[in-house]
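Enquirer: Next up, input.cif (mmCIF, C-alpha atoms and all ligand atoms).
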```cif
data_model
#
loop_
_atom_site.label_atom_id
_atom_site.label_comp_id
_atom_site.auth_asym_id
_atom_site.auth_seq_id
_atom_site.Cartn_x
_atom_site.Cartn_y
_atom_site.Cartn_z
CA MET G 1 -1.77 -8.73 -3.18
CA TYR G 2 -2.31 -5.00 -2.90
CA ILE G 3 -4.92 -3.07 -4.91
CA GLY G 4 -6.62 -6.21 -6.27
CA HIS G 5 -8.26 -6.58 -2.83
CA TYR G 6 -10.40 -3.53 -3.61
CA GLY G 7 -12.08 -5.52 -6.37
CA ALA G 8 -13.72 -7.53 -3.58
CA ALA G 9 -14.75 -4.33 -1.75
CA LEU G 10 -16.43 -2.89 -4.88
CA ALA G 11 -18.10 -6.21 -5.74
CA LEU G 12 -19.43 -6.72 -2.20
CA ASN G 13 -20.76 -3.16 -2.09
CA SER G 14 -22.67 -3.83 -5.32
CA VAL G 15 -24.31 -6.83 -3.59
CA GLU G 16 -25.17 -4.97 -0.38
CA ARG G 17 -25.20 -1.20 -0.83
CA LYS G 18 -25.98 -0.68 2.88
CA ALA G 19 -22.48 -1.99 3.72
CA SER G 20 -20.48 1.25 3.36
CA LEU G 21 -17.82 1.16 0.66
CA TRP G 22 -15.18 2.86 2.82
CA LEU G 23 -15.63 0.26 5.57
CA LEU G 24 -15.36 -2.50 2.97
CA PHE G 25 -12.13 -0.87 1.76
CA LEU G 26 -10.83 -1.25 5.33
CA GLY G 27 -12.41 -4.73 5.62
CA VAL G 28 -10.54 -6.19 2.65
CA GLN G 29 -7.22 -4.96 4.16
CA PHE G 30 -8.21 -5.73 7.77
CA VAL G 31 -5.62 -8.47 8.32
CA ASP G 32 -2.86 -6.38 6.70
CA ILE G 33 -3.80 -3.42 8.93
CA LEU G 34 -3.22 -5.79 11.88
CA PHE G 35 -0.11 -7.39 10.34
CA PHE G 36 2.16 -4.34 10.21
CA PRO G 37 1.75 -3.31 13.89
CA LEU G 38 2.17 -6.97 14.91
CA VAL G 39 5.46 -7.11 13.00
CA LEU G 40 6.53 -3.91 14.74
CA ALA G 41 5.63 -5.52 18.08
CA GLY G 42 7.65 -8.64 17.19
CA VAL G 43 4.62 -10.95 17.25
CA GLU G 44 4.71 -11.72 13.51
CA ARG G 45 7.79 -11.58 11.29
CA MET G 46 8.81 -10.34 7.86
CA ARG G 47 12.13 -9.32 6.34
CA ILE G 48 12.89 -6.97 3.48
CA VAL G 49 14.75 -9.06 0.89
CA PRO G 50 15.31 -7.15 -2.38
CA GLY G 51 14.12 -9.26 -5.33
CA PHE G 52 12.56 -11.97 -3.14
CA THR G 53 10.06 -12.44 -5.96
CA GLU G 54 9.82 -10.59 -9.26
CA SER G 55 7.14 -8.32 -7.79
CA THR G 56 7.89 -8.17 -4.05
CA HIS G 57 10.91 -7.38 -1.92
CA PHE G 58 9.98 -9.13 1.31
CA SER G 59 10.00 -12.55 2.87
CA LEU G 60 6.86 -13.14 4.94
CA ASP G 61 8.25 -15.50 7.54
CA TYR G 62 5.68 -15.83 10.31
CA MET G 63 2.10 -14.52 10.27
CA PRO G 64 -0.25 -17.10 11.79
CA TYR G 65 -2.41 -14.54 13.63
CA THR G 66 -3.26 -12.44 10.59
CA HIS G 67 -2.68 -14.51 7.45
CA SER G 68 -3.54 -18.10 8.36
CA LEU G 69 -6.75 -19.61 7.02
CA LEU G 70 -7.90 -20.28 10.58
CA ALA G 71 -7.16 -16.73 11.76
CA SER G 72 -8.91 -15.27 8.69
CA LEU G 73 -12.04 -17.29 9.48
CA LEU G 74 -11.93 -16.19 13.14
CA TRP G 75 -11.38 -12.50 12.27
CA SER G 76 -14.27 -12.70 9.78
CA ALA G 77 -16.51 -14.27 12.45
CA LEU G 78 -15.51 -11.56 14.92
CA VAL G 79 -16.31 -8.82 12.39
CA PHE G 80 -19.69 -10.51 11.70
CA VAL G 81 -20.62 -10.48 15.40
CA LEU G 82 -19.28 -6.95 15.89
CA ALA G 83 -21.24 -5.67 12.88
CA LEU G 84 -24.46 -7.28 14.17
CA PHE G 85 -23.87 -5.65 17.56
CA VAL G 86 -23.20 -2.20 16.09
CA LEU G 87 -26.16 -2.43 13.67
CA GLY G 88 -28.57 -3.18 16.53
CA THR G 89 -31.67 -5.34 16.54
CA LYS G 90 -34.03 -3.14 14.52
CA ARG G 91 -31.87 -2.48 11.48
CA PRO G 92 -33.36 -4.06 8.34
CA ARG G 93 -31.03 -6.44 6.41
CA LYS G 94 -28.59 -6.51 9.33
CA ILE G 95 -27.62 -10.15 8.68
CA SER G 96 -26.88 -9.41 5.03
CA ILE G 97 -24.81 -6.31 5.93
CA ALA G 98 -22.84 -8.16 8.61
CA LEU G 99 -22.22 -11.12 6.26
CA VAL G 100 -20.86 -8.79 3.59
CA PHE G 101 -18.46 -7.16 6.08
CA ALA G 102 -17.29 -10.61 7.21
CA ALA G 103 -16.84 -11.68 3.59
CA SER G 104 -14.69 -8.60 2.94
CA VAL G 105 -12.31 -9.66 5.73
CA PHE G 106 -12.15 -13.26 4.51
CA SER G 107 -11.66 -12.23 0.86
CA HIS G 108 -8.17 -11.01 1.78
CA TRP G 109 -6.90 -14.55 2.38
CA VAL G 110 -8.50 -15.91 -0.78
CA PHE G 111 -7.03 -13.12 -2.96
CA ASP G 112 -3.63 -13.37 -1.22
CA LEU G 113 -3.59 -17.11 -1.94
CA ILE G 114 -3.40 -16.39 -5.68
CA VAL G 115 -0.19 -14.34 -5.60
CA HIS G 116 1.69 -15.22 -2.39
CA THR G 117 4.56 -17.69 -2.37
CA PRO G 118 3.72 -20.60 -0.02
CA ASP G 119 3.83 -18.40 3.10
CA LEU G 120 0.13 -18.49 4.12
CA PRO G 121 -0.32 -20.96 7.01
CA LEU G 122 -3.51 -22.96 7.35
CA SER G 123 -3.52 -22.68 11.15
CA THR G 124 -1.33 -21.41 13.99
CA ASP G 125 0.87 -24.49 13.60
CA ALA G 126 2.81 -23.17 10.63
CA SER G 127 3.86 -26.54 9.18
CA ILE G 128 1.60 -26.35 6.11
CA LYS G 129 1.80 -23.12 4.14
CA VAL G 130 0.10 -22.36 0.84
CA GLY G 131 0.28 -19.83 -1.98
CA LEU G 132 0.06 -20.16 -5.77
CA GLY G 133 3.13 -17.96 -6.27
CA PHE G 134 2.07 -15.62 -9.07
CA TRP G 135 4.29 -12.96 -7.43
CA HIS G 136 7.16 -14.66 -9.28
CA ASN G 137 5.79 -13.08 -12.45
CA ALA G 138 5.26 -9.33 -12.04
CA PRO G 139 3.36 -8.70 -15.34
CA ILE G 140 0.94 -11.56 -14.58
CA THR G 141 0.48 -10.27 -11.00
CA PHE G 142 -0.31 -6.82 -12.38
CA VAL G 143 -2.86 -8.21 -14.85
CA LEU G 144 -4.48 -10.46 -12.21
CA GLU G 145 -4.91 -7.56 -9.79
CA MET G 146 -6.20 -5.38 -12.63
CA VAL G 147 -8.78 -7.98 -13.67
CA LEU G 148 -10.03 -8.33 -10.07
CA LEU G 149 -10.21 -4.56 -9.60
CA LEU G 150 -11.90 -3.88 -12.95
CA GLY G 151 -14.39 -6.70 -12.31
CA GLY G 152 -15.32 -5.08 -9.01
CA LEU G 153 -15.57 -1.66 -10.66
CA TRP G 154 -17.87 -3.03 -13.35
CA LEU G 155 -20.24 -4.54 -10.74
CA TYR G 156 -20.14 -1.33 -8.69
CA MET G 157 -20.88 0.93 -11.68
CA ARG G 158 -23.74 -1.38 -12.71
CA ALA G 159 -25.29 -1.23 -9.21
CA THR G 160 -25.03 2.55 -8.84
CA LYS G 161 -25.71 5.74 -10.79
CA PRO G 162 -24.38 9.31 -10.53
CA ARG G 163 -26.07 11.48 -7.91
CA HIS G 164 -27.22 14.89 -9.12
CA GLY G 165 -25.08 17.89 -8.25
CA PHE G 166 -21.96 15.99 -7.16
CA LYS G 167 -18.58 16.58 -8.77
CA LEU G 168 -16.90 13.48 -10.16
CA ALA G 169 -20.17 11.54 -9.81
CA ARG G 170 -19.80 9.93 -13.23
CA TYR G 171 -16.05 9.41 -13.72
CA GLY G 172 -14.66 9.69 -10.19
CA MET G 173 -14.60 5.99 -9.36
CA PRO G 174 -13.12 4.88 -12.71
CA LEU G 175 -10.43 7.60 -12.38
CA PHE G 176 -9.68 6.38 -8.86
CA VAL G 177 -9.32 2.81 -10.12
CA ILE G 178 -6.91 3.98 -12.85
CA THR G 179 -4.90 5.81 -10.15
CA LEU G 180 -4.78 2.61 -8.07
CA LEU G 181 -3.49 0.68 -11.10
CA LEU G 182 -0.74 3.28 -11.66
CA ILE G 183 0.27 3.13 -7.98
CA ASN G 184 0.44 -0.64 -8.30
CA LEU G 185 2.80 -0.33 -11.28
CA GLY G 186 5.25 1.45 -8.98
CA ASN G 187 4.59 -1.09 -6.26
CA LEU G 188 5.22 -4.15 -8.45
CA PHE G 189 8.02 -2.86 -10.66
CA GLY G 190 9.64 -0.26 -8.36
CA PRO G 191 12.62 -0.49 -6.01
CA PRO G 192 12.44 -2.12 -2.54
CA PRO G 193 11.37 0.07 0.40
CA PRO G 194 14.41 1.46 2.28
CA ASN G 195 13.29 -0.12 5.57
CA PHE G 196 10.33 -1.67 7.40
CA HIS G 197 9.18 1.65 8.88
CA SER G 198 8.75 3.25 5.46
CA LEU G 199 6.85 0.17 4.22
CA PHE G 200 4.65 0.32 7.33
CA ALA G 201 3.96 4.03 6.77
CA PHE G 202 3.25 3.54 3.04
CA ALA G 203 0.83 0.69 3.77
CA MET G 204 -1.08 2.51 6.50
CA VAL G 205 -1.28 5.85 4.68
CA THR G 206 -2.56 4.19 1.50
CA TYR G 207 -5.01 1.83 3.26
CA LEU G 208 -6.57 4.71 5.21
CA GLY G 209 -6.25 7.19 2.34
CA PHE G 210 -7.90 4.88 -0.21
CA ALA G 211 -10.78 4.25 2.22
CA GLY G 212 -11.21 8.03 2.56
CA VAL G 213 -11.29 8.52 -1.22
CA ALA G 214 -13.77 5.64 -1.54
CA TYR G 215 -16.05 7.32 1.02
CA TRP G 216 -15.86 10.65 -0.81
CA LEU G 217 -16.49 9.21 -4.29
CA ASP G 218 -19.24 6.81 -3.16
CA ARG G 219 -21.21 9.76 -1.74
CA ALA G 220 -21.53 11.01 -5.32
CA ARG G 221 -23.33 7.84 -6.41
CA THR G 222 -26.67 6.35 -5.50
CA ASP G 223 -28.40 2.98 -5.94
CA ARG G 224 -29.64 2.20 -9.43
ZN ZN M 1 -2.06 -9.61 3.18
#
```
Will you turn the file into structure tokens for me?
Ligand SMILES: [Zn+2]
Expert:
Amino acid sequence: MYIGHYGAALALNSVERKASLWLLFLGVQFVDILFFPLVLAGVERMRIVPGFTESTHFSLDYMPYTHSLLASLLWSALVFVLALFVLGTKRPRKISIALVFAASVFSHWVFDLIVHTPDLPLSTDASIKVGLGFWHNAPITFVLEMVLLLGGLWLYMRATKPRHGFKLARYGMPLFVITLLLINLGNLFGPPPPNFHSLFAFAMVTYLGFAGVAYWLDRARTDR
């Protein structure tokens, strides 16, 4: 799953506004941000296989350290502890903020489970792998990701209101979500990436870029 993950970021931010939206945007892609460098380093493995599913062009062969259920739980726990440490002892609602960051990391596995072919291991022993396989149907994958993203947007818009004197305060976030949906059309129905390096670059640039846009647009809104 790609842009559907941001539905979780928007929803979690509506629950705990003190957990910054841009960090949640990075949180929901945390394990993917680790995955690509680990593939480059030869620790985890994927291959570009044109038409592997109707909506993806890669076979995800070995990713126990980023995309197993066990690893996802451990990464979420680590982020929880790290967030508590960074927030310090005096910060009000620190447990709630840290929990929301941890949930953002764990949401990746849950959302991936919906679309992935059975390539998500439960633990480091990769004998049992799960995935509901909606990637085999590109239109359904697009609609599923859209529903998740629009659901998150709806919760976010309900929890916030435009801040005075900011450009794009009212329509910025909905326009951003529409842009994400258009990018996903190209992603799901477009040609395979020419090689791993271009896929790596595309993933990193969009993950960081989307977090930057989220930061910029969220500044224009305030709690309702
Ligand atoms: Zn992933």
Enquirer: Could you list, as a list in words, all the residues within 10 Å of ligand ZN 1 (chain M), counting only C-alpha atoms and all ligand atoms?
Expert: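 Taking only C-alpha atoms and all ligand atoms into account, the residues around ligand ZN 1 (chain M) at most 10 Å away are Met1, Tyr2, His5, Val28, Gln29, Phe30, Val31, Asp32, Ile33, Leu34, Phe35, Phe36, Leu60, Met63, Thr66, His67, His108, Trp109, Val110, Phe111, Asp112, Leu113, His116 and Leu120 of chain G.
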Enquirer: Can you tell me, as a list in words, what residues are no more than 9 Å from stretch 6-8 of chain G when counting only C-alpha atoms, ignoring any on the same chain fewer than 6 positions away?
Expert: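 Close residues of stretch 6-8 of chain G: Leu24, Phe25, Val28, Gln29, Ala103, Ser104, Ser107, His108, Phe111, Glu145, Met146, Val147, Leu148, Leu149, Leu150, Gly151, Gly152 and Leu153 of chain G.
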Enquirer: I'd like the contact shell of G:Leu182 - 12 Å cut-off, all atoms listed in the file, skipping same-chain residues fewer than 5 positions apart - returned as JSON, numbers by chain.
Expert: {"G": [3, 142, 145, 146, 175, 176, 177, 187, 188, 189, 190]}
Enquirer: To one decimal place in Å, what is the distance between atom CA of G:Lys129 and atom CA of G:Ser68?
Expert: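 Separation between atom CA of G:Lys129 and atom CA of G:Ser68: 8.5 Å.
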Enquirer: What separation in Å, quoted to one decimal, exists between atom CA of G:Ser76 and atom CA of G:Ser20?
Expert: 16.6 Å
Enquirer: Atom CA of G:Ala9 to atom CA of G:Thr160: how many Å, to one decimal?
Expert: 14.3 Å
Enquirer: My list of candidates is G:His57, G:Leu38, G:Val15, G:Arg219. Which is closest to G:Gly165 when distances are computed with all atoms listed in the file?
Expert: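 So, comparing all the options, the nearest one is G:Arg219.
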Enquirer: Which of these, G:Ile48, G:Leu181, G:Ala41, G:Ala19, has the shortest distance to G:Phe196 once you count only C-alpha atoms?
Expert: G:Ile48
Enquirer: Leaving out G:Leu168 and any residue of its chain fewer than 4 positions from it, which residues lie within 9 Å of it when counting all atoms listed in the file, given as a list in words?
Expert: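 Selected residues are Pro162, Gly172, Met173, Leu217 and Ala220 of chain G.
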Enquirer: Would you please work out which residue, of G:Pro50, G:Gly42, G:Pro37, G:Gly27, is nearest to G:Pro191 when using only C-alpha atoms?
Expert: G:Pro50
